[in-house]
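J.: Quick one: the structure is below, and I'll ask about it shortly.
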Amino acid sequence: MAGQYTYDTTGQSYFFALTVLLLILLPFTYTTLFNSVDRKLSKAPAPCRGWNRKSDEVRKVKGSKSFISIRHLLLTVGWVAFAVVVQRASRIEGEAAMFDPFTILGVSSSATEKQIKKHYKRMSLKFHPDKLVLADNQTKEEADNHFVELTKAYKALTDEVSRNNYELYGHPDGKQEFSQGIALPAWVVESQNTWWVMGAYALVLGVALPFLVGRWWYGTRKLTKDGVLNSTASKYFHALKEETTFPQLLDILASSDEFALDPQLVKLRKSVGKSGVDEYARLNSTVKEGPDGKLGWENYATWTPAKKRARVFIAAHMLRLPIKDTKLLKEKHLTASIALPLCSGLASIALAHNWLSTYISIMHLQQFLLQAVHPTSSQLLQLPHVSPELVAEAQKQGVATVKEFGRLPGGDVEKLMSGYSEGEKTEVLEVAKHWPVVDFVDAKFQVTGEKIVTPGAVVSFTLKLRLTPPGKTPTKPEIIDITKADEEDGGVDIEGEEQSIAELIGRRNEKEDGVVPTPLAHAPHFLKNRKPSWYIFVGDHKLNRVFVAPHKFTDMGDSAIRTVRMTFQAPPGPGLYTFQVYVTSDSFVGTDAQKDMRMKVEAPREETEEDIEDDISEPDEDTIAGQMAMMKGQPVRRSGQGDDDEDDDEEFSDEDEEDDESDSDSDSDSSSSDSSSDSDSD
């Protein structure tokens with residue numbers, strides 16, 4: 001019988017809705033609750049107890065922030081809809097997939113016909129519609145249907161015709177009608193609902209979907225590959241110069257359009273009251289009269305209000321100026337959070353021009369923003385609980401860096417921090433002892449398969465690094481000085497060793513490369529968490545040029561040596577080139593490393609005819625190449641002969657001459673000439 005398609009009238013379409021909802025809700029729930037950025041970044045444990053413990057000011061701003069976002073709201077609505085659909089689907093009475101008379105009657109499959117008849121008689125007396133007393137929620141139709149099912153089951157086991165139908169078709173009534181349904185409710189195709197359904201389709205497919213796609217498309221077109229607005233990148237391009245100073249860099253950063261267009265900043269500015277306006281005026285005056293206001297701030301009167309506020313709050317963040325007004329405090333931290341990612345746009349412009357000093361200043365700007373430290377301040381302020389008074393006292397004792405502070409004996413730390421609690425002393429010392437200071441282990445250049453570096457050759461640069469925290473003694477292999485190696489061979493691996501197959505095809509073994517998971521950066525005064533990264537680049541400070549673009553990497557520790565490999569093209573002309581290799585952090589002030597290196601580029605040696613002939617080996621006669629060579633009349637190597645065949649032939653010729661002494665001189669000469677000829681041909 002031909003199948004007929006029918007729309008769902010029993011509510012079976014709820015199961016289709018459940019499937020769709022689960023496909024959407026499960027990944028959305030995972031990404032919202034269990035796969036957040038902070039969870040990803042915090043996989044590596046902190047090195048000590050006080051690491052990255054947020055300051056009271058940051059905790060105050062975070063505490064006043066709402067934990068319920070739009071994603072959480074949508075997630076809640078989705079699961080509520082799922083619960084409603086489940087509740088409605090549970091009311092649907094499912095049809096039996098197979099007709100089972102034993103189950104319907106409630107007898108065992110091993111029961112005899114006599115037992116079945118006896119059991120059916122008891123059931124008929126109990127469930128016959130004329131004798132059955134209906135329950136509270138039971139209708140007459142349900143009672144009749146139940147008795148009909150009992151009768152069919154009884155006949156399927158006792159009546160010959162019904163039993164044959166059951167065995168052949170799975171039902172005592174014979175072959176059942178087959179129908180196919182569509183998992184859509186019937187009201188979708190009802191005539192009175194046509195305009196509502198068409199309107200919903202038009203709204204979703206004609207309005208909502210194009211709006212979302214257009215918003216995504218035009219939103220991405222507004223941004224560069226660094227996530228910076230195109231208008232902001234244009235300002236960077238025109239404002240950045242080769243000799244841009246750090247104060248000028250702050251002015252350029254403050255001119256970003258993100259500060260004027262960010263909806264949260266705009267909302268905060270509009271909600272600031274009179275007390276906030278007065279405090280901002282005092283804050284502006286304090287910044288411009290302090291160390292930050294001595295340089296930069298050119299043409300301040302012509303700046304837009306958004307640029308003025310951004311410049312003031314960036315300076316207030318780095319100077320750690322106290323702010324009482326809660327909304328101004330939020331604006332300061334939000335401004336710093338927006339400013340830090342914008343540095344990637346500045347760096348791209350500087351690298352496009354290969355400006356070394358400007359790029360280094362941008363890298364330092366990222367460090368200062370994350371650590372809330374001003375260039376005129378001490379890097380000791382990166383440590384928790386450290387005050388300007390403690391910095392001044394430490395500088396009197398000759399301690400100016402975190403590395404020096406971490407190497408102080410316990411007694412000196414006790415004297416220096418006499419007014420601090422034991423817990424604060426412990427946290428400061430632990431953070432200082434785990435400070436990620438970068439050290440060179442080894443560095444070398446090589447050209448694969450060559451013993452010298454020739455002009456324009458592709459040079460492989462291998463750099464081995466490790467972190468040497470002040471409180472931990474480096475383990476073997478020891479940190480070595482590569483100055484001697486530089487002096488001996490100009491920083492070039494003259495052995496010309498071949499790279500492994502894994503290196504040639506780009507495969508890396510993380511264990512061999514010393515990849516150690518890096519914890520979150522210690523940034524107690526920054527609102528957001530950040531995983532630290534390091535950048536390796538090569539430049540010449542005399543020419544103020546970047547020669548090799550930065551290579552970004554993470555996951556470096558003190559328990560293994562981190563191996564980083566780069567490739568670049570050698571200079572176009574021969575000579576001895578001196579340059580600097582920089583390893584710069586984007587998170588920690590005062591942890592950068594620099595190494596002067598030399599590379600000797602030699603002119604390629606001209607090959608002689610003998611070298612060319614030596615490089616060409618004769619093919620074996622039993623190979624395809626040998627057969628082709630024989631057809632062309634070219635020399636081939638006999639099967640079973642090696643590189644010493646010529647010597648063997650010569651020895652063989654001498655033995656023949658000794659055995660044939662009775663022959664004539666002409667024969668001897670002929671034999672000798674023949675063997676010599678064979679030897680030459682080989």
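By convention in this document, the chains of the structure tokens carry letters A, B, ... by their order, each chain's residues are numbered from 1, and ligands are numbered from 1 in the order they are shown.
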Excluding Val386 (chain A) and any residue of its chain fewer than 2 positions from it, enumerate the residues within 12 Å of it, using only C-alpha atoms, and give them as an MDAnalysis selection string.
T.: chainID A and resid 55 378:384 388:394 402 405 416:417 419:420 424:425 427:429 431:432 524
J.: Considering only alpha helix (DSSP H) as DSSP defines it on the backbone, what residues of region 290-405 of chain A qualify? List them as an MDAnalysis selection string.
T.: chainID A and resid 305:319 326:352 356:371 388:396 402:405
J.: Find the residues around Thr245 (chain A) up to 10 Å (only C-alpha atoms counted), leave out those fewer than 5 positions away in its own chain, and share them as a PyMOL selection string.
T.: chain A and resi 240+250+295-296+357-358+361-362
J.: Filtering to N, CA and C atoms, could you give me those residues as a PDB file, in the first residue's frame?
T.:
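Result written to out.pdb:
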ATOM      1  N   LEU A 240      52.464  57.810  13.905  1.00  0.00           N
ATOM      2  CA  LEU A 240      53.709  57.140  14.310  1.00  0.00           C
ATOM      3  C   LEU A 240      54.875  57.571  13.428  1.00  0.00           C
ATOM      4  N   LEU A 250      51.908  57.517  24.079  1.00  0.00           N
ATOM      5  CA  LEU A 250      50.700  57.567  24.906  1.00  0.00           C
ATOM      6  C   LEU A 250      49.652  58.505  24.300  1.00  0.00           C
ATOM      7  N   LEU A 295      56.222  65.688  29.569  1.00  0.00           N
ATOM      8  CA  LEU A 295      56.449  65.495  28.149  1.00  0.00           C
ATOM      9  C   LEU A 295      55.136  65.103  27.489  1.00  0.00           C
ATOM     10  N   GLY A 296      55.073  65.283  26.182  1.00  0.00           N
ATOM     11  CA  GLY A 296      53.849  64.951  25.462  1.00  0.00           C
ATOM     12  C   GLY A 296      52.770  65.998  25.658  1.00  0.00           C
ATOM     13  N   SER A 357      63.382  51.075  17.496  1.00  0.00           N
ATOM     14  CA  SER A 357      63.167  51.765  18.771  1.00  0.00           C
ATOM     15  C   SER A 357      61.685  51.982  19.054  1.00  0.00           C
ATOM     16  N   THR A 358      60.908  52.286  18.023  1.00  0.00           N
ATOM     17  CA  THR A 358      59.470  52.483  18.213  1.00  0.00           C
ATOM     18  C   THR A 358      58.795  51.181  18.613  1.00  0.00           C
ATOM     19  N   SER A 361      59.534  50.423  22.223  1.00  0.00           N
ATOM     20  CA  SER A 361      58.728  51.292  23.094  1.00  0.00           C
ATOM     21  C   SER A 361      57.294  50.780  23.207  1.00  0.00           C
ATOM     22  N   ILE A 362      56.750  50.265  22.116  1.00  0.00           N
ATOM     23  CA  ILE A 362      55.385  49.721  22.154  1.00  0.00           C
ATOM     24  C   ILE A 362      55.334  48.475  23.029  1.00  0.00           C
TER      25      ILE A 362
END
J.: Under the rule that only C-alpha atoms are counted, which of A:Thr302, A:Gln397, A:Ser109, A:Ser377 is the nearest residue to Arg320 (chain A)?
T.: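 So, comparing all the options, the nearest one is A:Ser377.
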J.: Apply DSSP to the backbone of this structure and, from region 112-262 of chain A, keep only the residues in strand (DSSP E); write these as JSON, numbers by chain.
T.: {"A": [179, 180, 181, 182, 183, 184, 185]}
J.: Figure out the distance between CA of Arg605 (chain A) and CA of Glu450 (chain A), please, to one decimal in Å.
T.: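 Separation of CA of Glu450 (chain A) and CA of Arg605 (chain A): 11.5 Å.
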J.: One decimal, Å: what's the distance from CA of Phe16 (chain A) over to CA of Phe82 (chain A), could you say?
T.: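 CA of Phe16 (chain A) sits 11.6 Å away from CA of Phe82 (chain A).
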J.: What are the closest atom pairs, with distances in Å to one decimal, for all residues of region 344-371 of chain A lying within 12 Å of region 550-565 of chain A? Consider only C-alpha atoms, order rows by chain and residue number, and present the result as a tab-separated table.
T.:
residue	atom	partner	partner_atom	distance
A:Ala347	CA	A:Pro550	CA	10.2
A:Ser348	CA	A:Pro550	CA	10.5
A:Ala350	CA	A:Pro550	CA	11.7
A:Leu351	CA	A:Pro550	CA	8.8
A:Ala352	CA	A:Pro550	CA	11.7
A:Asn354	CA	A:Pro550	CA	10.7
A:Leu356	CA	A:Pro550	CA	10.9
A:Tyr359	CA	A:Pro550	CA	10.1
A:Ile360	CA	A:Pro550	CA	11.0
A:Met363	CA	A:Pro550	CA	11.2
J.: For each of A:Ile338, A:Thr232, A:Phe445, A:Thr426, take the minimum atom-to-atom distance to Asp262 (chain A), counting only C-alpha atoms, then give the residue where this is smallest.
T.: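 Closest to Asp262 (chain A), using only C-alpha atoms: A:Ile338.
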